[in-house]
file final_26.pdb (PDB, C-alpha atoms)
ATOM      1  CA  MET A  36     -24.023 -20.430   5.901
ATOM      2  CA  THR A  37     -22.842 -19.940   2.323
ATOM      3  CA  ASN A  38     -24.527 -22.216  -0.200
ATOM      4  CA  ARG A  39     -22.770 -23.676  -3.271
ATOM      5  CA  ARG A  40     -24.210 -21.064  -5.597
ATOM      6  CA  ASP A  41     -22.953 -18.257  -3.342
ATOM      7  CA  ALA A  42     -19.521 -19.884  -3.094
ATOM      8  CA  ARG A  43     -19.192 -20.020  -6.874
ATOM      9  CA  LEU A  44     -20.246 -16.396  -7.183
ATOM     10  CA  GLY A  45     -17.951 -15.402  -4.366
ATOM     11  CA  GLY A  46     -15.000 -17.213  -5.918
ATOM     12  CA  HIS A  47     -15.279 -15.129  -9.102
ATOM     13  CA  GLN A  48     -15.555 -11.970  -7.061
ATOM     14  CA  ILE A  49     -12.658 -12.973  -4.806
ATOM     15  CA  ALA A  50     -10.314 -13.251  -7.779
ATOM     16  CA  MET A  51     -11.368  -9.824  -9.011
ATOM     17  CA  LEU A  52     -11.004  -8.254  -5.575
ATOM     18  CA  ALA A  53      -7.576  -9.792  -5.084
ATOM     19  CA  ALA A  54      -6.392  -8.509  -8.437
ATOM     20  CA  MET A  55      -7.738  -5.034  -7.726
ATOM     21  CA  ALA A  56      -6.026  -5.061  -4.350
ATOM     22  CA  ALA A  57      -2.714  -6.018  -5.890
ATOM     23  CA  LEU A  58      -2.906  -3.248  -8.480
ATOM     24  CA  GLY A  59      -4.820  -0.527  -6.703
ATOM     25  CA  LEU A  60      -2.834  -0.447  -3.493
ATOM     26  CA  ALA A  61       0.218   0.616  -5.430
ATOM     27  CA  LEU A  62      -1.164   4.125  -5.657
ATOM     28  CA  SER A  63      -1.156   5.422  -2.078
ATOM     29  CA  GLY A  64       1.154   5.619   0.942
ATOM     30  CA  CYS A  65       4.728   6.806   1.461
ATOM     31  CA  ALA A  66       8.203   5.330   1.918
ATOM     32  CA  THR A  67       8.595   6.950   5.289
ATOM     33  CA  THR A  68       5.081   6.428   6.605
ATOM     34  CA  SER A  69       3.830   3.636   8.869
ATOM     35  CA  THR A  70       1.063   2.655   6.477
ATOM     36  CA  PRO A  71       1.467  -0.550   4.470
ATOM     37  CA  VAL A  72       1.010   0.951   1.057
ATOM     38  CA  ASP A  73       3.786   2.158  -1.066
ATOM     39  CA  ALA A  74       3.750   5.373  -3.123
ATOM     40  CA  ILE A  75       3.341   9.073  -2.359
ATOM     41  CA  GLN A  76       0.660  10.173   0.067
ATOM     42  CA  LEU A  77      -0.333  13.816   0.208
ATOM     43  CA  ASP A  78       0.081  14.704   3.864
ATOM     44  CA  SER A  79      -1.503  17.959   4.979
ATOM     45  CA  ALA A  80       0.514  18.001   8.217
ATOM     46  CA  GLN A  81       4.023  17.212   7.010
ATOM     47  CA  GLY A  82       3.639  18.871   3.635
ATOM     48  CA  THR A  83       2.268  22.218   4.737
ATOM     49  CA  SER A  84       3.825  25.452   3.536
ATOM     50  CA  GLU A  85       4.583  26.296   7.170
ATOM     51  CA  ASN A  86       6.538  23.085   7.661
ATOM     52  CA  ILE A  87       8.403  23.530   4.381
ATOM     53  CA  SER A  88       9.192  27.134   5.306
ATOM     54  CA  SER A  89      10.585  25.987   8.636
ATOM     55  CA  LEU A  90      12.760  23.383   6.909
ATOM     56  CA  THR A  91      13.949  26.034   4.452
ATOM     57  CA  ASP A  92      15.105  28.158   7.391
ATOM     58  CA  VAL A  93      17.064  25.169   8.694
ATOM     59  CA  ILE A  94      18.739  24.771   5.303
ATOM     60  CA  ARG A  95      19.642  28.472   5.160
ATOM     61  CA  ARG A  96      21.424  28.113   8.475
ATOM     62  CA  ASN A  97      23.138  24.868   7.435
ATOM     63  CA  PRO A  98      23.414  24.893   3.625
ATOM     64  CA  SER A  99      25.997  22.092   3.567
ATOM     65  CA  ASP A 100      23.944  19.639   5.644
ATOM     66  CA  PRO A 101      22.479  16.958   3.331
ATOM     67  CA  GLU A 102      19.954  15.839   5.931
ATOM     68  CA  GLY A 103      18.066  19.119   5.707
ATOM     69  CA  TYR A 104      17.553  18.698   1.968
ATOM     70  CA  ASN A 105      16.482  15.094   2.449
ATOM     71  CA  VAL A 106      13.865  16.017   5.044
ATOM     72  CA  ARG A 107      12.553  18.952   3.040
ATOM     73  CA  GLY A 108      12.451  16.766  -0.066
ATOM     74  CA  ALA A 109      10.195  14.347   1.774
ATOM     75  CA  ALA A 110       7.942  17.238   2.801
ATOM     76  CA  TYR A 111       7.791  18.468  -0.785
ATOM     77  CA  GLY A 112       6.903  14.954  -1.892
ATOM     78  CA  ARG A 113       4.037  14.730   0.581
ATOM     79  CA  SER A 114       2.699  18.072  -0.617
ATOM     80  CA  GLY A 115       2.798  16.946  -4.247
ATOM     81  CA  GLN A 116       5.660  19.292  -5.240
ATOM     82  CA  PHE A 117       7.603  16.543  -6.958
ATOM     83  CA  SER A 118      10.042  18.669  -8.954
ATOM     84  CA  ASN A 119      11.102  20.478  -5.784
ATOM     85  CA  ALA A 120      11.413  17.136  -4.006
ATOM     86  CA  LEU A 121      13.688  15.774  -6.731
ATOM     87  CA  ALA A 122      15.850  18.894  -6.589
ATOM     88  CA  ASP A 123      16.291  18.497  -2.829
ATOM     89  CA  PHE A 124      17.165  14.809  -3.052
ATOM     90  CA  ASP A 125      19.622  15.596  -5.860
ATOM     91  CA  MET A 126      21.320  18.147  -3.603
ATOM     92  CA  ALA A 127      21.364  15.771  -0.640
ATOM     93  CA  ILE A 128      23.095  13.124  -2.769
ATOM     94  CA  LYS A 129      25.511  15.673  -4.215
ATOM     95  CA  LEU A 130      26.529  16.715  -0.707
ATOM     96  CA  LYS A 131      26.692  13.116   0.519
ATOM     97  CA  PRO A 132      27.162  10.573  -2.311
ATOM     98  CA  GLY A 133      26.662   7.664   0.085
ATOM     99  CA  PHE A 134      23.290   8.938   1.327
ATOM    100  CA  TYR A 135      21.321   5.744   0.652
ATOM    101  CA  GLN A 136      18.142   7.049   2.317
ATOM    102  CA  ALA A 137      18.059   9.965  -0.130
ATOM    103  CA  TYR A 138      18.459   7.559  -3.049
ATOM    104  CA  ALA A 139      15.459   5.556  -1.813
ATOM    105  CA  ASN A 140      13.418   8.723  -1.282
ATOM    106  CA  ARG A 141      14.279   9.956  -4.752
ATOM    107  CA  ALA A 142      13.311   6.546  -6.142
ATOM    108  CA  LEU A 143       9.858   6.927  -4.636
ATOM    109  CA  ILE A 144       9.370  10.289  -6.333
ATOM    110  CA  GLN A 145      10.668   8.865  -9.613
ATOM    111  CA  ARG A 146       8.218   6.025  -9.400
ATOM    112  CA  ASN A 147       5.337   8.342  -8.560
ATOM    113  CA  THR A 148       6.103  10.476 -11.613
ATOM    114  CA  GLY A 149       6.313   7.458 -13.917
ATOM    115  CA  ASN A 150      10.105   7.255 -14.199
ATOM    116  CA  VAL A 151      10.292   3.551 -13.366
ATOM    117  CA  ALA A 152      13.787   2.929 -14.765
ATOM    118  CA  GLU A 153      15.221   5.826 -12.775
ATOM    119  CA  ALA A 154      13.430   4.592  -9.662
ATOM    120  CA  ALA A 155      14.916   1.105 -10.082
ATOM    121  CA  ASN A 156      18.380   2.586 -10.529
ATOM    122  CA  ASP A 157      18.035   4.601  -7.336
ATOM    123  CA  TYR A 158      16.826   1.606  -5.318
ATOM    124  CA  ASN A 159      19.703  -0.464  -6.675
ATOM    125  CA  ARG A 160      22.159   2.274  -5.769
ATOM    126  CA  ALA A 161      20.759   2.509  -2.235
ATOM    127  CA  LEU A 162      21.214  -1.237  -1.817
ATOM    128  CA  GLN A 163      24.738  -1.144  -3.210
ATOM    129  CA  ILE A 164      25.607   1.370  -0.504
ATOM    130  CA  ASN A 165      23.692  -0.427   2.238
ATOM    131  CA  PRO A 166      22.672  -4.033   1.452
ATOM    132  CA  ARG A 167      20.698  -4.149   4.713
ATOM    133  CA  TYR A 168      18.398  -1.213   3.962
ATOM    134  CA  ASP A 169      14.931  -2.751   4.256
ATOM    135  CA  VAL A 170      13.095   0.282   2.848
ATOM    136  CA  ALA A 171      14.900  -0.059  -0.482
ATOM    137  CA  TYR A 172      14.071  -3.763  -0.733
ATOM    138  CA  ILE A 173      10.404  -2.962  -0.134
ATOM    139  CA  GLY A 174      10.434  -0.121  -2.641
ATOM    140  CA  ARG A 175      12.152  -2.200  -5.307
ATOM    141  CA  GLY A 176       9.790  -5.074  -4.547
ATOM    142  CA  ASN A 177       6.882  -2.755  -5.232
ATOM    143  CA  LEU A 178       8.374  -1.885  -8.620
ATOM    144  CA  TYR A 179       8.751  -5.577  -9.428
ATOM    145  CA  ARG A 180       5.201  -6.348  -8.293
ATOM    146  CA  GLN A 181       3.768  -3.517 -10.348
ATOM    147  CA  ALA A 182       5.635  -4.869 -13.390
ATOM    148  CA  GLY A 183       4.272  -8.381 -12.819
ATOM    149  CA  ARG A 184       7.652  -9.750 -11.750
ATOM    150  CA  ILE A 185       6.078 -11.488  -8.775
ATOM    151  CA  ASN A 186       8.903 -13.860  -7.847
ATOM    152  CA  GLU A 187      11.442 -11.042  -7.752
ATOM    153  CA  ALA A 188       9.059  -8.906  -5.722
ATOM    154  CA  ALA A 189       8.532 -11.716  -3.227
ATOM    155  CA  ALA A 190      12.295 -12.194  -2.902
ATOM    156  CA  ASP A 191      12.731  -8.515  -2.016
ATOM    157  CA  TYR A 192       9.940  -8.620   0.567
ATOM    158  CA  ASP A 193      11.456 -11.807   1.998
ATOM    159  CA  ARG A 194      14.803 -10.041   2.289
ATOM    160  CA  ALA A 195      13.281  -7.084   4.116
ATOM    161  CA  ILE A 196      11.456  -9.416   6.506
ATOM    162  CA  ASP A 197      14.617 -11.474   7.065
ATOM    163  CA  LEU A 198      16.251  -8.197   8.106
ATOM    164  CA  ASP A 199      13.623  -7.898  10.866
ATOM    165  CA  THR A 200      11.939  -4.919   9.258
ATOM    166  CA  THR A 201       9.324  -3.101  11.292
ATOM    167  CA  ASP A 202       7.843  -1.656   8.096
ATOM    168  CA  PRO A 203       4.313  -3.091   7.721
ATOM    169  CA  ARG A 204       4.405  -2.731   3.933
ATOM    170  CA  ALA A 205       6.749  -5.702   3.591
ATOM    171  CA  TYR A 206       4.204  -8.036   5.193
ATOM    172  CA  HIS A 207       1.212  -6.415   3.523
ATOM    173  CA  ASN A 208       2.654  -6.571   0.022
ATOM    174  CA  ARG A 209       3.991 -10.101   0.455
ATOM    175  CA  GLY A 210       0.503 -10.994   1.659
ATOM    176  CA  LEU A 211      -0.884  -9.709  -1.638
ATOM    177  CA  ILE A 212       1.486 -12.029  -3.492
ATOM    178  CA  PHE A 213       0.483 -15.029  -1.373
ATOM    179  CA  GLN A 214      -3.114 -14.079  -2.099
ATOM    180  CA  LEU A 215      -2.573 -14.009  -5.853
ATOM    181  CA  ARG A 216      -0.902 -17.423  -5.584
ATOM    182  CA  GLY A 217      -3.899 -18.794  -3.702
ATOM    183  CA  GLN A 218      -1.858 -19.299  -0.511
ATOM    184  CA  HIS A 219      -4.475 -17.715   1.698
ATOM    185  CA  GLU A 220      -3.325 -19.078   5.058
ATOM    186  CA  LYS A 221       0.093 -17.507   4.493
ATOM    187  CA  ALA A 222      -1.544 -14.318   3.235
ATOM    188  CA  ILE A 223      -3.641 -14.071   6.412
ATOM    189  CA  GLU A 224      -0.520 -14.484   8.546
ATOM    190  CA  ASP A 225       1.253 -11.677   6.680
ATOM    191  CA  PHE A 226      -1.749  -9.342   6.781
ATOM    192  CA  SER A 227      -2.018 -10.022  10.522
ATOM    193  CA  ASN A 228       1.638  -9.084  10.992
ATOM    194  CA  SER A 229       1.042  -5.911   8.994
ATOM    195  CA  ILE A 230      -1.953  -5.081  11.195
ATOM    196  CA  SER A 231       0.124  -5.567  14.333
ATOM    197  CA  LEU A 232       2.581  -2.970  12.990
ATOM    198  CA  ALA A 233      -0.038  -0.569  11.553
ATOM    199  CA  PRO A 234      -3.307  -1.216  13.420
ATOM    200  CA  ASN A 235      -4.956   1.947  12.133
ATOM    201  CA  SER A 236      -4.524   1.217   8.415
ATOM    202  CA  PRO A 237      -7.589  -0.194   6.618
ATOM    203  CA  GLU A 238      -5.667  -1.845   3.769
ATOM    204  CA  PRO A 239      -4.415  -4.976   5.575
ATOM    205  CA  TYR A 240      -7.874  -5.552   7.059
ATOM    206  CA  ASN A 241      -9.316  -5.557   3.548
ATOM    207  CA  GLY A 242      -6.525  -7.833   2.351
ATOM    208  CA  ARG A 243      -6.982 -10.294   5.189
ATOM    209  CA  GLY A 244     -10.737 -10.211   4.766
ATOM    210  CA  ILE A 245     -10.456 -11.190   1.103
ATOM    211  CA  SER A 246      -8.383 -14.224   2.038
ATOM    212  CA  TYR A 247     -10.901 -15.141   4.740
ATOM    213  CA  VAL A 248     -13.611 -15.038   2.064
ATOM    214  CA  ALA A 249     -11.518 -17.329  -0.121
ATOM    215  CA  LEU A 250     -11.465 -19.800   2.794
ATOM    216  CA  ASN A 251     -15.249 -19.380   3.298
ATOM    217  CA  ASP A 252     -14.673 -17.784   6.712
ATOM    218  CA  ASP A 253     -17.270 -15.084   6.174
ATOM    219  CA  ASP A 254     -17.577 -14.121   9.835
ATOM    220  CA  ASN A 255     -13.925 -13.138  10.190
ATOM    221  CA  ALA A 256     -14.014 -11.500   6.760
ATOM    222  CA  PHE A 257     -17.032  -9.414   7.736
ATOM    223  CA  ALA A 258     -15.311  -8.306  10.941
ATOM    224  CA  ASP A 259     -12.238  -7.218   8.990
ATOM    225  CA  PHE A 260     -14.217  -5.320   6.351
ATOM    226  CA  ASN A 261     -16.226  -3.539   9.041
ATOM    227  CA  ARG A 262     -13.012  -2.619  10.842
ATOM    228  CA  ALA A 263     -11.618  -1.201   7.602
ATOM    229  CA  ILE A 264     -14.735   0.963   7.257
ATOM    230  CA  ASP A 265     -14.432   2.123  10.859
ATOM    231  CA  LEU A 266     -10.847   3.214  10.195
ATOM    232  CA  ASN A 267     -11.641   5.033   6.942
ATOM    233  CA  ALA A 268     -15.200   5.223   5.657
ATOM    234  CA  LYS A 269     -14.113   6.811   2.370
ATOM    235  CA  VAL A 270     -12.520   3.707   0.825
ATOM    236  CA  ALA A 271     -14.749   2.166  -1.857
ATOM    237  CA  GLU A 272     -13.042  -1.222  -1.579
ATOM    238  CA  SER A 273     -14.099  -1.632   2.053
ATOM    239  CA  TRP A 274     -17.773  -1.013   1.286
ATOM    240  CA  ALA A 275     -17.688  -3.337  -1.745
ATOM    241  CA  ASN A 276     -16.092  -6.031   0.388
ATOM    242  CA  GLN A 277     -18.737  -5.604   3.074
ATOM    243  CA  ALA A 278     -21.406  -5.812   0.369
ATOM    244  CA  LEU A 279     -19.927  -9.079  -0.873
ATOM    245  CA  ILE A 280     -20.538 -10.672   2.517
ATOM    246  CA  TYR A 281     -24.100  -9.404   2.559
ATOM    247  CA  GLU A 282     -24.515 -10.830  -0.936
ATOM    248  CA  ARG A 283     -23.136 -14.209   0.097
ATOM    249  CA  ARG A 284     -25.512 -14.212   3.076
ATOM    250  CA  GLY A 285     -28.467 -13.459   0.836
ATOM    251  CA  GLU A 286     -29.084 -10.058   2.469
ATOM    252  CA  LYS A 287     -29.868  -8.346  -0.811
ATOM    253  CA  ALA A 288     -31.063  -4.974   0.487
ATOM    254  CA  LYS A 289     -27.952  -4.516   2.616
ATOM    255  CA  ALA A 290     -25.725  -5.608  -0.267
ATOM    256  CA  ILE A 291     -27.353  -3.044  -2.568
ATOM    257  CA  ARG A 292     -26.837  -0.321   0.010
ATOM    258  CA  SER A 293     -23.147  -1.106   0.533
ATOM    259  CA  TYR A 294     -22.382  -1.595  -3.165
ATOM    260  CA  SER A 295     -24.186   1.676  -3.931
ATOM    261  CA  HIS A 296     -22.117   3.510  -1.341
ATOM    262  CA  ALA A 297     -18.919   2.081  -2.826
ATOM    263  CA  VAL A 298     -19.986   3.278  -6.280
ATOM    264  CA  GLN A 299     -20.708   6.744  -4.899
ATOM    265  CA  LEU A 300     -17.190   6.864  -3.497
ATOM    266  CA  ASP A 301     -15.585   5.557  -6.697
ATOM    267  CA  PRO A 302     -17.835   5.171  -9.764
ATOM    268  CA  LYS A 303     -15.009   3.379 -11.606
ATOM    269  CA  TYR A 304     -14.404   0.691  -8.970
ATOM    270  CA  LYS A 305     -15.363  -2.394 -10.976
ATOM    271  CA  PRO A 306     -16.004  -4.874  -8.108
ATOM    272  CA  ALA A 307     -18.599  -2.404  -6.789
ATOM    273  CA  THR A 308     -20.300  -1.738 -10.119
ATOM    274  CA  ASP A 309     -20.321  -5.430 -11.012
ATOM    275  CA  GLY A 310     -21.644  -6.367  -7.586
ATOM    276  CA  LEU A 311     -24.398  -3.785  -7.762
ATOM    277  CA  ALA A 312     -25.443  -5.085 -11.182
ATOM    278  CA  ARG A 313     -25.686  -8.620  -9.774
ATOM    279  CA  VAL A 314     -27.851  -7.848  -6.761
ATOM    280  CA  ARG A 315     -30.247  -5.365  -8.335
TER     281      ARG A 315
END
call {"tool": "encode", "arguments": {"input": "final_26.pdb", "output": "structure tokens"}}
result
Amino acid sequence: MTNRRDARLGGHQIAMLAAMAALGLALSGCATTSTPVDAIQLDSAQGTSENISSLTDVIRRNPSDPEGYNVRGAAYGRSGQFSNALADFDMAIKLKPGFYQAYANRALIQRNTGNVAEAANDYNRALQINPRYDVAYIGRGNLYRQAGRINEAAADYDRAIDLDTTDPRAYHNRGLIFQLRGQHEKAIEDFSNSISLAPNSPEPYNGRGISYVALNDDDNAFADFNRAIDLNAKVAESWANQALIYERRGEKAKAIRSYSHAVQLDPKYKPATDGLARVR
């Protein structure tokens, strides 16, 4: 059972972990993927030169088909060839000015390359064309959240969820907002919905676990952090979260081991370095 000293220590760490989750998760994932995170993910399967070559052959046979450029643009994006991706999305939109999916895809590339204003314009354009396009609400919500415009971000996630989205990122990212607001029961519900839609993604398990810690439900938190590690053992956050439970339980040697592993994975991950300094 957690004593009062551990609870105070954990509360400070919880706030740090929640903040890191809200900021750090903005740097991985893809608009068209099933994972709950929200920027470009390098995908060795869909972004291979063989796949891009095959899509190029399709475009040669159908040079006026905007869909081919849109699909190849997504493949370029996943391979990290962002300038080529932008060129393909530009062509797709030129061939089909009402191609709202291409606008949203281009917005994701713009965001990933730091062109936030252009990304916002593209998301807005996609929603002007199709006000029921959940992907664009989620993408624009991510821009708002990254800019600290939390209420506007939450409104966009709410809109996507009201549209019965099956995209787990809407629930995951709204869960992060509930978490930052201290509404941990609601956060847990959203992370659970995200998990039901993307059961093999570690991020919502980490998110839900942090809210369980905030509610002093260390057993469920520990189960979630361990599940996140099982799904991807290369995520520093998962190991630091596991270490936090060990620390709260007074299992110092295990906490040191898990914090140390997190630091090995990411020497700049502050919750891990701070935790390791505490328990040594």
call {"tool": "closest_residue", "arguments": {"input": "final_26.pdb", "among": "A:Lys287, A:Arg175, A:Ala271, A:Ala278", "to": "Pro302 of chain A", "atoms": "only C-alpha atoms"}}
result
A:Ala271
call {"tool": "resolve_selection", "arguments": {"input": "final_26.pdb", "expression": "the PyMOL selection byres ((chain A and resi 192) around 7)", "output": "list in words"}}
result
Tyr172, Ile173, Gly176, Ala188, Ala189, Ala190, Asp191, Asp193, Arg194, Ala195, Ile196, Ala205 and Arg209 of chain A
call {"tool": "atom_distance", "arguments": {"input": "final_26.pdb", "atom1": "atom CA of Pro239 of chain A", "atom2": "atom CA of Phe226 of chain A"}}
result
5.3 Å
call {"tool": "closest_residue", "arguments": {"input": "final_26.pdb", "among": "A:Ala171, A:Ile87, A:Ala222, A:Ala154", "to": "Leu198 of chain A", "atoms": "all atoms listed in the file"}}
result
A:Ala171
call {"tool": "resolve_selection", "arguments": {"input": "final_26.pdb", "expression": "the PyMOL selection byres ((chain A and resi 130) around 8)", "output": "PyMOL selection string"}}
result
chain A and resi 99-101+126-129+131-132
call {"tool": "resolve_selection", "arguments": {"input": "final_26.pdb", "expression": "the PyMOL selection byres ((chain A and resi 266) around 7)", "output": "list of chain:residue names"}}
result
A:Asn235, A:Ser236, A:Pro237, A:Arg262, A:Ala263, A:Ile264, A:Asp265, A:Asn267, A:Ala268
call {"tool": "atom_distance", "arguments": {"input": "final_26.pdb", "atom1": "atom CA of Tyr304 of chain A", "atom2": "atom CA of Gln277 of chain A"}}
result
14.3 Å
call {"tool": "atom_distance", "arguments": {"input": "final_26.pdb", "atom1": "atom CA of Ala258 of chain A", "atom2": "atom CA of Gly217 of chain A"}}
result
21.3 Å
call {"tool": "closest_residue", "arguments": {"input": "final_26.pdb", "among": "A:Val248, A:Leu121, A:Ile164, A:Leu279", "to": "Ala307 of chain A", "atoms": "all atoms listed in the file"}}
result
A:Leu279
call {"tool": "residues_around", "arguments": {"input": "final_26.pdb", "residues": "Val314 of chain A", "least_positions_apart": "5", "cutoff": "8 Å", "atoms": "all atoms listed in the file", "output": "ChimeraX atom specification"}}
result
/A:282,287,290-291
call {"tool": "write_last_selection", "arguments": {"input": "final_26.pdb", "atoms": "C-alpha atoms", "output": "short mmCIF file (atom, residue, chain, number, x, y, z; two decimals), keeping the file's coordinate frame"}}
result
data_model
loop_
_atom_site.label_atom_id
_atom_site.label_comp_id
_atom_site.auth_asym_id
_atom_site.auth_seq_id
_atom_site.Cartn_x
_atom_site.Cartn_y
_atom_site.Cartn_z
CA GLU A 282 -24.52 -10.83 -0.94
CA LYS A 287 -29.87 -8.35 -0.81
CA ALA A 290 -25.72 -5.61 -0.27
CA ILE A 291 -27.35 -3.04 -2.57
#
call {"tool": "closest_residue", "arguments": {"input": "final_26.pdb", "among": "A:His296, A:Arg313, A:Arg96, A:Arg160", "to": "Val270 of chain A", "atoms": "only C-alpha atoms"}}
result
A:His296
call {"tool": "residues_around", "arguments": {"input": "final_26.pdb", "residues": "Arg107 of chain A", "least_positions_apart": "5", "cutoff": "10 Å", "atoms": "all atoms listed in the file", "output": "compact mmCIF listing (two decimals) with C-alpha atoms, in the coordinates of the input"}}
result
# COMPACT_ATOMS: atom_id res chain seq x y z
CA GLN A 81 4.02 17.21 7.01
CA GLY A 82 3.64 18.87 3.64
CA ASN A 86 6.54 23.08 7.66
CA ILE A 87 8.40 23.53 4.38
CA SER A 88 9.19 27.13 5.31
CA SER A 89 10.58 25.99 8.64
CA LEU A 90 12.76 23.38 6.91
CA THR A 91 13.95 26.03 4.45
CA VAL A 93 17.06 25.17 8.69
CA ILE A 94 18.74 24.77 5.30
CA GLU A 102 19.95 15.84 5.93
CA GLY A 112 6.90 14.95 -1.89
CA ARG A 113 4.04 14.73 0.58
CA ASN A 119 11.10 20.48 -5.78
CA ALA A 120 11.41 17.14 -4.01
CA ASP A 123 16.29 18.50 -2.83
CA PHE A 124 17.16 14.81 -3.05
call {"tool": "closest_residue", "arguments": {"input": "final_26.pdb", "among": "A:Asn261, A:Asn276, A:Asn165, A:Thr200", "to": "Ser229 of chain A", "atoms": "all atoms listed in the file"}}
result
A:Thr200
call {"tool": "closest_residue", "arguments": {"input": "final_26.pdb", "among": "A:Asp309, A:Trp274, A:Gln214, A:Asp259", "to": "Pro234 of chain A", "atoms": "all atoms listed in the file"}}
result
A:Asp259
